[in-house]
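File shown here: protein-v7.csv, holding CSV, C-alpha atoms.
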```
chain,number,residue,atom,x,y,z
A,1,MET,CA,0.4,-2.5,-11.6
A,2,GLY,CA,0.1,0.8,-9.9
A,3,LYS,CA,3.8,1.0,-8.8
A,4,ASN,CA,5.0,3.8,-11.1
A,5,GLY,CA,7.3,6.7,-10.3
A,6,LYS,CA,10.1,4.7,-8.8
A,7,LYS,CA,13.5,6.3,-8.8
A,8,GLN,CA,16.7,4.4,-9.6
A,9,LYS,CA,19.6,4.9,-7.2
A,10,ASN,CA,23.0,3.4,-7.6
A,11,GLN,CA,25.2,5.0,-5.0
A,12,ARG,CA,27.2,2.0,-3.8
A,13,ASN,CA,29.9,4.0,-2.1
A,14,GLN,CA,27.5,6.2,-0.1
A,15,ARG,CA,24.7,3.6,0.5
A,16,SER,CA,24.6,3.8,4.3
A,17,ALA,CA,24.5,7.5,4.4
A,18,SER,CA,21.7,7.7,1.9
A,19,TYR,CA,19.4,5.8,4.2
A,20,TYR,CA,19.0,8.6,6.7
A,21,LEU,CA,17.2,11.5,5.0
A,22,GLU,CA,15.9,15.0,5.7
A,23,ASP,CA,12.1,15.3,5.8
A,24,HIS,CA,11.9,16.8,2.4
A,25,GLU,CA,13.9,14.0,0.8
A,26,GLN,CA,12.2,10.9,-0.5
A,27,GLN,CA,13.2,7.5,-1.7
A,28,THR,CA,11.2,4.9,-3.5
A,29,TYR,CA,11.3,1.2,-3.3
A,30,PRO,CA,9.4,-1.4,-5.3
A,31,SER,CA,7.7,-3.9,-3.1
A,32,ASN,CA,6.1,-7.1,-3.7
A,33,ASN,CA,3.7,-6.5,-0.8
A,34,PRO,CA,2.9,-2.8,-0.2
A,35,ALA,CA,0.4,-3.4,2.5
A,36,PRO,CA,1.8,-4.1,6.0
A,37,SER,CA,2.3,-7.8,6.7
A,38,SER,CA,0.2,-9.5,9.2
A,39,GLN,CA,2.3,-12.6,9.8
A,40,SER,CA,4.5,-11.2,12.6
A,41,ASP,CA,3.3,-10.6,16.1
A,42,PRO,CA,4.5,-7.2,17.5
A,43,ASN,CA,2.5,-4.7,19.6
A,44,LEU,CA,1.1,-1.8,17.5
A,45,THR,CA,-0.4,1.6,18.1
A,46,LEU,CA,-1.8,4.5,16.2
A,47,SER,CA,0.2,7.6,16.1
A,48,ASP,CA,-0.9,11.1,14.9
A,49,GLU,CA,2.3,13.0,15.6
A,50,GLU,CA,6.0,12.7,16.0
A,51,SER,CA,8.5,14.8,18.0
A,52,GLU,CA,9.9,17.5,15.9
A,53,SER,CA,12.9,17.8,18.1
A,54,ASP,CA,13.7,14.1,17.7
A,55,ASP,CA,13.5,14.6,13.9
A,56,LYS,CA,16.0,17.4,14.0
A,57,ASN,CA,18.4,15.5,16.2
A,58,ASP,CA,18.2,12.2,14.3
A,59,GLN,CA,18.1,13.1,10.6
A,60,ASN,CA,21.9,13.8,10.4
A,61,PRO,CA,23.8,10.9,11.9
A,62,SER,CA,27.6,11.2,12.1
A,63,PRO,CA,29.7,9.1,9.7
A,64,ASP,CA,31.3,7.4,12.7
A,65,ASP,CA,28.1,5.8,14.0
A,66,ASP,CA,26.4,5.3,10.7
A,67,ASN,CA,28.3,2.0,10.1
A,68,SER,CA,26.4,0.4,12.9
A,69,LEU,CA,23.0,1.4,11.7
A,70,PRO,CA,20.8,-1.4,10.1
A,71,SER,CA,20.1,-1.3,6.4
A,72,LYS,CA,16.7,0.0,5.4
A,73,PHE,CA,16.3,-3.1,3.3
A,74,SER,CA,16.8,-5.3,6.3
A,75,LEU,CA,14.2,-3.3,8.3
A,76,TYR,CA,11.8,-3.6,5.4
A,77,GLN,CA,12.2,-7.4,5.2
A,78,GLN,CA,11.5,-7.7,9.0
A,79,SER,CA,8.5,-5.5,9.2
A,80,VAL,CA,6.7,-5.8,5.9
A,81,GLN,CA,7.3,-9.1,4.3
A,82,SER,CA,6.3,-12.6,5.2
A,83,PRO,CA,7.6,-14.9,2.4
A,84,LYS,CA,6.8,-18.2,4.0
A,85,GLY,CA,3.1,-17.3,4.3
A,86,ASP,CA,3.1,-16.1,0.6
A,87,ILE,CA,4.7,-19.3,-0.5
A,88,SER,CA,2.2,-21.4,1.3
A,89,TYR,CA,-0.7,-19.7,-0.5
A,90,LEU,CA,1.2,-19.8,-3.9
A,91,GLN,CA,1.5,-23.6,-3.5
A,92,LYS,CA,-2.2,-23.8,-2.5
A,93,PHE,CA,-3.3,-21.8,-5.5
A,94,PHE,CA,-1.2,-23.8,-8.0
A,95,LEU,CA,-2.4,-27.1,-6.7
A,96,THR,CA,-6.0,-25.9,-6.6
A,97,TYR,CA,-6.2,-24.5,-10.1
A,98,VAL,CA,-3.5,-26.5,-12.0
A,99,GLY,CA,-2.7,-29.6,-10.0
A,100,GLY,CA,-0.9,-32.7,-11.1
A,101,ARG,CA,2.6,-31.5,-10.2
A,102,ALA,CA,4.3,-29.3,-7.7
A,103,PRO,CA,5.1,-25.7,-8.6
A,104,LEU,CA,8.8,-25.4,-9.2
A,105,HIS,CA,9.5,-22.1,-11.0
A,106,LEU,CA,8.7,-18.5,-9.7
A,107,GLN,CA,9.1,-15.2,-11.5
A,108,GLU,CA,8.9,-12.4,-9.0
A,109,ASP,CA,8.1,-9.0,-10.5
A,110,PHE,CA,8.9,-5.9,-8.3
A,111,CYS,CA,11.2,-8.3,-6.4
A,112,GLY,CA,13.1,-5.7,-4.5
A,113,THR,CA,15.6,-7.7,-2.3
A,114,ALA,CA,14.1,-10.9,-3.7
A,115,LEU,CA,13.4,-12.3,-0.3
A,116,LEU,CA,10.4,-14.2,-1.6
A,117,SER,CA,12.5,-15.8,-4.3
A,118,THR,CA,15.3,-16.8,-2.0
A,119,GLU,CA,12.8,-18.4,0.4
A,120,TRP,CA,11.2,-20.1,-2.5
A,121,LEU,CA,14.5,-21.8,-3.3
A,122,ARG,CA,15.0,-22.8,0.3
A,123,SER,CA,11.6,-24.6,0.3
A,124,ASP,CA,12.5,-27.2,-2.4
A,125,SER,CA,15.9,-28.1,-3.8
A,126,ARG,CA,14.3,-28.4,-7.3
A,127,ARG,CA,13.0,-24.9,-7.4
A,128,THR,CA,14.3,-22.0,-9.5
A,129,ALA,CA,13.4,-18.3,-9.5
A,130,VAL,CA,13.8,-15.1,-11.6
A,131,GLY,CA,13.5,-11.7,-10.1
A,132,LEU,CA,12.9,-8.4,-11.8
A,133,ASP,CA,13.1,-4.9,-10.3
A,134,LEU,CA,13.7,-1.3,-11.2
A,135,ASP,CA,15.8,-0.4,-8.2
A,136,VAL,CA,19.4,-1.5,-8.8
A,137,GLU,CA,20.3,-0.6,-5.2
A,138,ALA,CA,17.8,-3.1,-3.8
A,139,LEU,CA,19.1,-5.7,-6.2
A,140,ASP,CA,22.7,-5.1,-5.2
A,141,TRP,CA,21.8,-5.4,-1.5
A,142,CYS,CA,20.0,-8.7,-2.4
A,143,MET,CA,23.1,-10.1,-4.0
A,144,GLU,CA,25.2,-9.3,-1.0
A,145,ASN,CA,22.8,-10.1,1.8
A,146,ASN,CA,20.3,-12.7,0.4
A,147,VAL,CA,21.7,-14.5,-2.6
A,148,ASN,CA,25.3,-14.8,-1.7
A,149,LYS,CA,24.5,-16.1,1.8
A,150,VAL,CA,22.2,-19.0,0.8
A,151,GLY,CA,25.0,-21.2,-0.6
A,152,ALA,CA,26.3,-22.1,-4.0
A,153,ASP,CA,23.5,-24.5,-4.7
A,154,LEU,CA,20.7,-22.0,-4.1
A,155,SER,CA,22.5,-19.1,-5.7
A,156,SER,CA,22.9,-21.0,-8.9
A,157,ARG,CA,19.1,-21.4,-9.2
A,158,ILE,CA,18.2,-17.7,-9.1
A,159,VAL,CA,18.7,-15.0,-11.8
A,160,LEU,CA,18.0,-11.3,-11.2
A,161,PHE,CA,17.2,-8.7,-13.8
A,162,HIS,CA,17.3,-4.9,-13.5
A,163,GLY,CA,14.5,-3.2,-15.5
A,164,ASN,CA,11.0,-2.0,-15.7
A,165,VAL,CA,8.3,-4.6,-15.4
A,166,LEU,CA,6.4,-2.8,-18.2
A,167,GLN,CA,9.3,-3.3,-20.6
A,168,PRO,CA,10.6,-6.8,-19.5
A,169,GLN,CA,12.5,-7.4,-22.7
A,170,GLU,CA,14.7,-4.4,-22.0
A,171,ALA,CA,15.7,-5.6,-18.5
A,172,LEU,CA,19.4,-6.4,-18.0
A,173,LEU,CA,21.0,-9.3,-16.2
A,174,VAL,CA,22.3,-8.5,-12.7
A,175,LYS,CA,23.3,-12.0,-11.8
A,176,SER,CA,23.8,-15.3,-13.6
A,177,SER,CA,25.3,-18.6,-12.4
A,178,PHE,CA,29.1,-18.8,-12.1
A,179,GLN,CA,29.3,-21.4,-14.8
A,180,ASN,CA,27.3,-19.3,-17.3
A,181,THR,CA,29.4,-16.3,-16.6
A,182,MET,CA,32.7,-18.2,-17.0
A,183,ASN,CA,31.6,-19.6,-20.4
A,184,ASN,CA,31.4,-16.1,-21.8
A,185,VAL,CA,34.7,-14.7,-20.4
A,186,THR,CA,38.0,-14.9,-22.3
A,187,LEU,CA,41.5,-14.4,-20.9
A,188,GLU,CA,41.5,-10.8,-22.3
A,189,ASP,CA,38.4,-9.9,-20.3
A,190,ASP,CA,39.0,-7.7,-17.3
A,191,GLU,CA,36.4,-6.5,-14.8
A,192,ASN,CA,34.8,-4.2,-17.3
A,193,GLY,CA,34.6,-7.1,-19.8
A,194,ILE,CA,32.8,-9.3,-17.3
A,195,GLU,CA,30.3,-6.5,-16.7
A,196,SER,CA,29.6,-6.1,-20.4
A,197,VAL,CA,28.9,-9.8,-20.7
A,198,ALA,CA,26.3,-9.6,-17.9
A,199,ASN,CA,24.7,-6.5,-19.4
A,200,SER,CA,24.3,-8.2,-22.8
A,201,GLU,CA,22.0,-10.9,-21.4
A,202,LYS,CA,18.2,-10.2,-21.4
A,203,LEU,CA,15.2,-11.5,-19.6
A,204,PRO,CA,13.9,-14.6,-21.4
A,205,PRO,CA,10.3,-14.4,-22.8
A,206,ARG,CA,7.6,-15.3,-20.3
A,207,ASP,CA,5.7,-18.5,-20.5
A,208,ILE,CA,3.0,-19.2,-18.0
A,209,VAL,CA,1.2,-21.9,-20.0
A,210,CYS,CA,-0.4,-24.2,-17.4
A,211,GLY,CA,0.6,-21.8,-14.7
A,212,ILE,CA,-0.8,-19.1,-12.5
A,213,PHE,CA,-0.3,-15.3,-12.2
A,214,VAL,CA,-0.8,-13.9,-8.7
A,215,MET,CA,-1.1,-10.4,-7.4
A,216,ASP,CA,-1.7,-9.0,-4.0
A,217,LEU,CA,-3.8,-5.9,-3.1
A,218,TYR,CA,-5.0,-4.0,-0.1
A,219,GLY,CA,-8.2,-2.1,0.2
A,220,GLY,CA,-11.2,-1.0,2.3
A,221,THR,CA,-12.6,2.3,3.4
A,222,SER,CA,-9.5,3.1,5.5
A,223,SER,CA,-7.3,2.8,2.4
A,224,GLU,CA,-9.0,5.9,0.9
A,225,CYS,CA,-8.1,8.4,3.6
A,226,GLU,CA,-5.2,9.8,5.5
A,227,LEU,CA,-3.9,7.1,7.8
A,228,ARG,CA,-0.9,6.7,10.1
A,229,MET,CA,-0.1,3.5,12.1
A,230,GLN,CA,2.9,2.3,14.1
A,231,ARG,CA,4.1,-1.2,14.6
A,232,LYS,CA,6.6,-2.0,17.4
A,233,PHE,CA,9.4,-4.5,17.1
A,234,PRO,CA,12.1,-5.3,19.7
A,235,ASN,CA,14.7,-3.0,18.1
A,236,PHE,CA,12.7,-0.6,16.0
A,237,THR,CA,9.3,0.9,15.3
A,238,TYR,CA,7.8,0.7,11.9
A,239,THR,CA,5.4,3.5,10.7
A,240,TRP,CA,3.0,3.3,7.8
A,241,GLU,CA,1.8,6.7,6.6
A,242,GLN,CA,-0.8,7.3,3.9
A,243,ALA,CA,-1.0,10.9,2.9
A,244,GLY,CA,-4.5,11.4,1.4
A,245,PHE,CA,-6.3,9.8,-1.5
A,246,ASP,CA,-7.5,11.3,-4.8
A,247,ILE,CA,-10.9,9.8,-5.5
A,248,ILE,CA,-10.9,10.9,-9.1
A,249,GLN,CA,-7.6,9.4,-10.1
A,250,ARG,CA,-7.5,6.9,-7.2
A,251,LYS,CA,-4.0,7.8,-6.5
A,252,THR,CA,-2.3,7.9,-3.1
A,253,ARG,CA,1.1,8.4,-1.5
A,254,ILE,CA,2.6,5.9,1.0
A,255,SER,CA,5.7,6.5,3.1
A,256,LEU,CA,7.4,4.0,5.4
A,257,HIS,CA,9.4,5.3,8.4
A,258,PHE,CA,11.6,3.5,11.0
A,259,THR,CA,12.6,4.6,14.5
A,260,LEU,CA,15.7,2.7,15.8
A,261,GLN,CA,15.3,2.0,19.5
A,262,LYS,CA,19.0,1.1,20.1
A,263,HIS,CA,20.4,4.2,18.4
A,264,GLN,CA,18.9,7.0,20.5
A,265,LYS,CA,15.6,6.5,18.7
A,266,LYS,CA,17.2,7.7,15.5
A,267,LYS,CA,14.6,8.1,12.8
A,268,LEU,CA,14.8,6.8,9.3
A,269,ARG,CA,12.2,9.1,7.6
A,270,HIS,CA,10.7,8.2,4.2
A,271,ALA,CA,12.9,5.1,3.9
A,272,PHE,CA,10.5,4.0,1.2
A,273,SER,CA,7.9,6.1,-0.5
A,274,TYR,CA,5.4,5.1,-3.2
A,275,SER,CA,3.0,7.2,-5.4
A,276,TRP,CA,0.6,4.8,-7.1
A,277,ARG,CA,-2.9,4.2,-8.3
A,278,LEU,CA,-4.9,1.9,-6.0
A,279,TRP,CA,-6.7,-0.3,-8.5
A,280,SER,CA,-10.0,-1.9,-7.7
A,281,LEU,CA,-10.8,-5.6,-7.9
A,282,PRO,CA,-13.2,-5.2,-10.9
A,283,GLU,CA,-10.6,-3.2,-12.8
A,284,ILE,CA,-8.0,-5.8,-12.2
A,285,LYS,CA,-10.4,-8.6,-13.3
A,286,ASP,CA,-11.2,-6.7,-16.5
A,287,CYS,CA,-7.5,-6.3,-17.3
A,288,MET,CA,-6.8,-10.0,-16.7
A,289,GLU,CA,-9.7,-11.1,-18.8
A,290,GLU,CA,-8.6,-8.9,-21.6
A,291,ALA,CA,-5.1,-10.4,-21.3
A,292,GLY,CA,-6.6,-13.8,-21.9
A,293,PHE,CA,-6.5,-15.6,-18.6
A,294,ARG,CA,-8.8,-18.6,-18.6
A,295,SER,CA,-10.2,-17.8,-15.1
A,296,ILE,CA,-9.7,-15.3,-12.3
A,297,HIS,CA,-10.1,-16.0,-8.6
A,298,PHE,CA,-10.3,-13.7,-5.5
A,299,TRP,CA,-9.0,-14.7,-2.1
A,300,ILE,CA,-9.7,-12.1,0.6
A,301,ARG,CA,-9.0,-11.7,4.3
A,302,GLN,CA,-10.6,-9.1,6.4
A,303,MET,CA,-8.2,-7.1,8.5
A,304,PRO,CA,-8.8,-5.4,11.9
A,305,ASP,CA,-10.6,-2.0,11.7
A,306,SER,CA,-8.2,0.9,11.9
A,307,GLU,CA,-10.3,2.6,14.6
A,308,ASN,CA,-10.0,-0.4,16.9
A,309,ILE,CA,-6.4,-1.2,16.1
A,310,LYS,CA,-5.0,-0.3,19.6
A,311,SER,CA,-7.0,-3.0,21.4
A,312,ILE,CA,-6.2,-5.8,18.9
A,313,GLU,CA,-2.4,-5.5,18.4
A,314,GLY,CA,-2.8,-3.0,15.5
A,315,PHE,CA,-2.5,-4.0,11.9
A,316,GLY,CA,-0.4,-7.0,13.1
A,317,GLY,CA,-3.7,-8.3,14.6
A,318,GLY,CA,-5.8,-10.8,12.7
A,319,LYS,CA,-2.8,-12.9,11.7
A,320,ASP,CA,-4.7,-16.1,12.3
A,321,VAL,CA,-7.5,-15.1,9.9
A,322,LYS,CA,-7.1,-17.1,6.7
A,323,TYR,CA,-7.7,-16.0,3.2
A,324,GLU,CA,-10.8,-17.5,1.7
A,325,GLU,CA,-11.9,-17.7,-2.0
A,326,VAL,CA,-15.0,-15.4,-2.6
A,327,THR,CA,-17.2,-14.4,-5.4
A,328,ASN,CA,-18.6,-11.4,-3.5
A,329,PHE,CA,-17.5,-9.5,-0.5
A,330,GLN,CA,-19.1,-6.6,1.4
A,331,GLN,CA,-16.9,-3.6,1.8
A,332,LYS,CA,-15.0,-3.4,5.1
A,333,ASP,CA,-12.7,-1.0,6.9
A,334,SER,CA,-9.6,-3.0,5.8
A,335,TRP,CA,-8.9,-6.1,3.8
A,336,ASN,CA,-6.1,-7.8,1.9
A,337,ALA,CA,-6.5,-9.9,-1.3
A,338,TYR,CA,-4.8,-12.3,-3.6
A,339,ILE,CA,-5.9,-12.2,-7.2
A,340,VAL,CA,-5.1,-15.4,-9.1
A,341,GLY,CA,-5.2,-15.7,-12.8
A,342,VAL,CA,-5.1,-19.2,-14.4
A,343,SER,CA,-3.6,-19.5,-17.8
```

File written out as structure tokens:
Amino acid sequence: MGKNGKKQKNQRNQRSASYYLEDHEQQTYPSNNPAPSSQSDPNLTLSDEESESDDKNDQNPSPDDDNSLPSKFSLYQQSVQSPKGDISYLQKFFLTYVGGRAPLHLQEDFCGTALLSTEWLRSDSRRTAVGLDLDVEALDWCMENNVNKVGADLSSRIVLFHGNVLQPQEALLVKSSFQNTMNNVTLEDDENGIESVANSEKLPPRDIVCGIFVMDLYGGTSSECELRMQRKFPNFTYTWEQAGFDIIQRKTRISLHFTLQKHQKKKLRHAFSYSWRLWSLPEIKDCMEEAGFRSIHFWIRQMPDSENIKSIEGFGGGKDVKYEEVTNFQQKDSWNAYIVGVS
């Protein structure tokens, strides 16, 4: 919801070079958690400007040193996502509103590199996962760097689909288990034949009977204005930039940038960019009631004020503040929320 306008990119042979862009170029990346994560513990500062000379020097890396640069997907996973924290709350929500059994299956929409799904599999040997995303480049990176490195047992319990979450039945299989693939391959099949088999399989119909549907959302007064924040990690700096907010359409544009400390402060500008509508909690509740959910619950955590962010570790501060279920909540400068629908 609210994650439209994502571009599809499948430039496998030029993937590394495509990460480092000119200022006018933009890439999009579907994210399970658009708001900056608060689970890590780096130092963070606000920044209103960047060195133009650094941008000019760093936007065009040479092919020779490009191979040593980290992937933008790896940087994203380190700076934005916190899958163990998400899984902890998913389990809590399921046991609270369904109960009687442990949650074993996860379908992750906007899965990106499916880090949440792979961590879900690690947490219990009985668990399975399905991931769906529009960005085939992110899914390919996931296959190479997440799925294929977790071992045969875990990789056989996850299936990835490439497609639009708004048309799930049109999504195409990216990865199936080795056994399922071999069952559909004959001796006459070559590499193209194997690919055609994979492309013929579709995302199975959804069934969340006796289950839950969970979304995350960020908000607050600071989410409706221009905002720029930086978060420092040992090897890089992560920048969150919000370029204005249309109060009529409730649309905004978000860009994520990275500065690499060990590569002459090379800048990865607009590594991920999003143009979306920022939905309100009442709007989401109305949609979920119309869809037929039996009950809808809000879990909210207040985040540090953007004006005071320098003195409290930036938007990495407040990581010890827990989400609490609420039925009303006074507006704050910044907050994060889980919305839980019970089927």

Exercise: region 131-141 of chain A partners within 6 Å, only C-alpha atoms, chain neighbours under 5 positions left out, as a list of chain:residue names:
A:Gln8, A:Lys9, A:Asn10, A:Gln107, A:Glu108, A:Asp109, A:Phe110, A:Cys111, A:Gly112, A:Thr113, A:Leu160, A:Phe161, A:His162, A:Gly163, A:Asn164

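CA of Ile158 (chain A) is positioned 5.7 Å from CA of Val130 (chain A).
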
When distances are computed from all atoms listed in the file, which of A:Asp86, A:Asp286, A:Glu226, A:Asp305 shows the smallest separation from Gly341 (chain A)?
A:Asp286

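Interatomic distance, CA of Thr118 (chain A) against CA of Ala152 (chain A): 12.4 Å.
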
Residue neighbourhood Thr239 (chain A), 7 Å, all atoms listed in the file, exclusion window fewer than 2 positions, as a CSV table (one decimal) with C-alpha atoms, in the frame of the given file:
```
chain,number,residue,atom,x,y,z
A,229,MET,CA,-0.1,3.5,12.1
A,230,GLN,CA,2.9,2.3,14.1
A,231,ARG,CA,4.1,-1.2,14.6
A,237,THR,CA,9.3,0.9,15.3
A,241,GLU,CA,1.8,6.7,6.6
A,256,LEU,CA,7.4,4.0,5.4
A,257,HIS,CA,9.4,5.3,8.4
A,258,PHE,CA,11.6,3.5,11.0
```

Might you pull out every residue within 8 Å of region 323-332 of chain A, with only C-alpha atoms counted and same-chain residues fewer than 6 positions away left off, and present them as a PyMOL selection string?
chain A and resi 220-221+297-302

Show which residues sit within 9 Å of Leu116 (chain A), as a CSV table (one decimal) with C-alpha atoms, in the frame of the given file. Count only C-alpha atoms, and ignore same-chain residues fewer than 5 positions away.
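As a result, part.csv now contains:
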```
chain,number,residue,atom,x,y,z
A,32,ASN,CA,6.1,-7.1,-3.7
A,81,GLN,CA,7.3,-9.1,4.3
A,82,SER,CA,6.3,-12.6,5.2
A,83,PRO,CA,7.6,-14.9,2.4
A,84,LYS,CA,6.8,-18.2,4.0
A,86,ASP,CA,3.1,-16.1,0.6
A,87,ILE,CA,4.7,-19.3,-0.5
A,108,GLU,CA,8.9,-12.4,-9.0
A,111,CYS,CA,11.2,-8.3,-6.4
A,121,LEU,CA,14.5,-21.8,-3.3
```

Work out how far CA of Val165 (chain A) is from CA of Cys225 (chain A), in Å to one decimal.
28.3 Å

Of the listed residues A:Lys149, A:Ala271, A:Leu173, A:Glu283, that which approaches Lys72 (chain A) most closely, counting all atoms listed in the file:
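Checking each candidate against Lys72 (chain A), we get A:Ala271 as the closest.
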
Nearest to Arg157 (chain A) by atom-to-atom distance, counting all atoms listed in the file, from A:Thr96, A:Gln169, A:Ser68, A:Ser117:
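Selected residue with least distance to Arg157 (chain A): A:Ser117.
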
Counting only C-alpha atoms, which residues come within 9 Å of (-3.8, -7.4, -5.9), with the point read in the file's coordinates, and could you list them as number ranges by chain?
A: 1, 214-218, 279-281, 284, 336-340

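Each of A:Gln249, A:Ser74, A:Ser222, A:Ser306 was compared to Glu144 (chain A) using only C-alpha atoms, and A:Ser74 turns out to be the nearest.
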
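For the residues A:Phe236, A:Val80, A:Leu104, A:Gln242, ranking by smallest atom-to-atom distance to Lys267 (chain A) using only C-alpha atoms places A:Phe236 first.
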
Per-axis box centre and lengths in Å around region 256-273 of chain A, 3 Å margin per side, axis-aligned, as lines of an AutoDock Vina configuration file:
```
center_x = 13.9
center_y = 5.1
center_z = 10.0
size_x = 19.0
size_y = 14.0
size_z = 27.0
```

Nearest candidate to Ser123 (chain A) (options A:Gly219, A:Asn145, A:Val150, A:Lys322; using only C-alpha atoms):
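For Ser123 (chain A), the nearest of the candidates is A:Val150.
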
Spatial neighbours of Leu115 (chain A), max dist 8 Å, all atoms listed in the file, sep filter under 5 positions, as a list in words
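That gives Gln77, Pro83, Cys142 and Asn146 of chain A.
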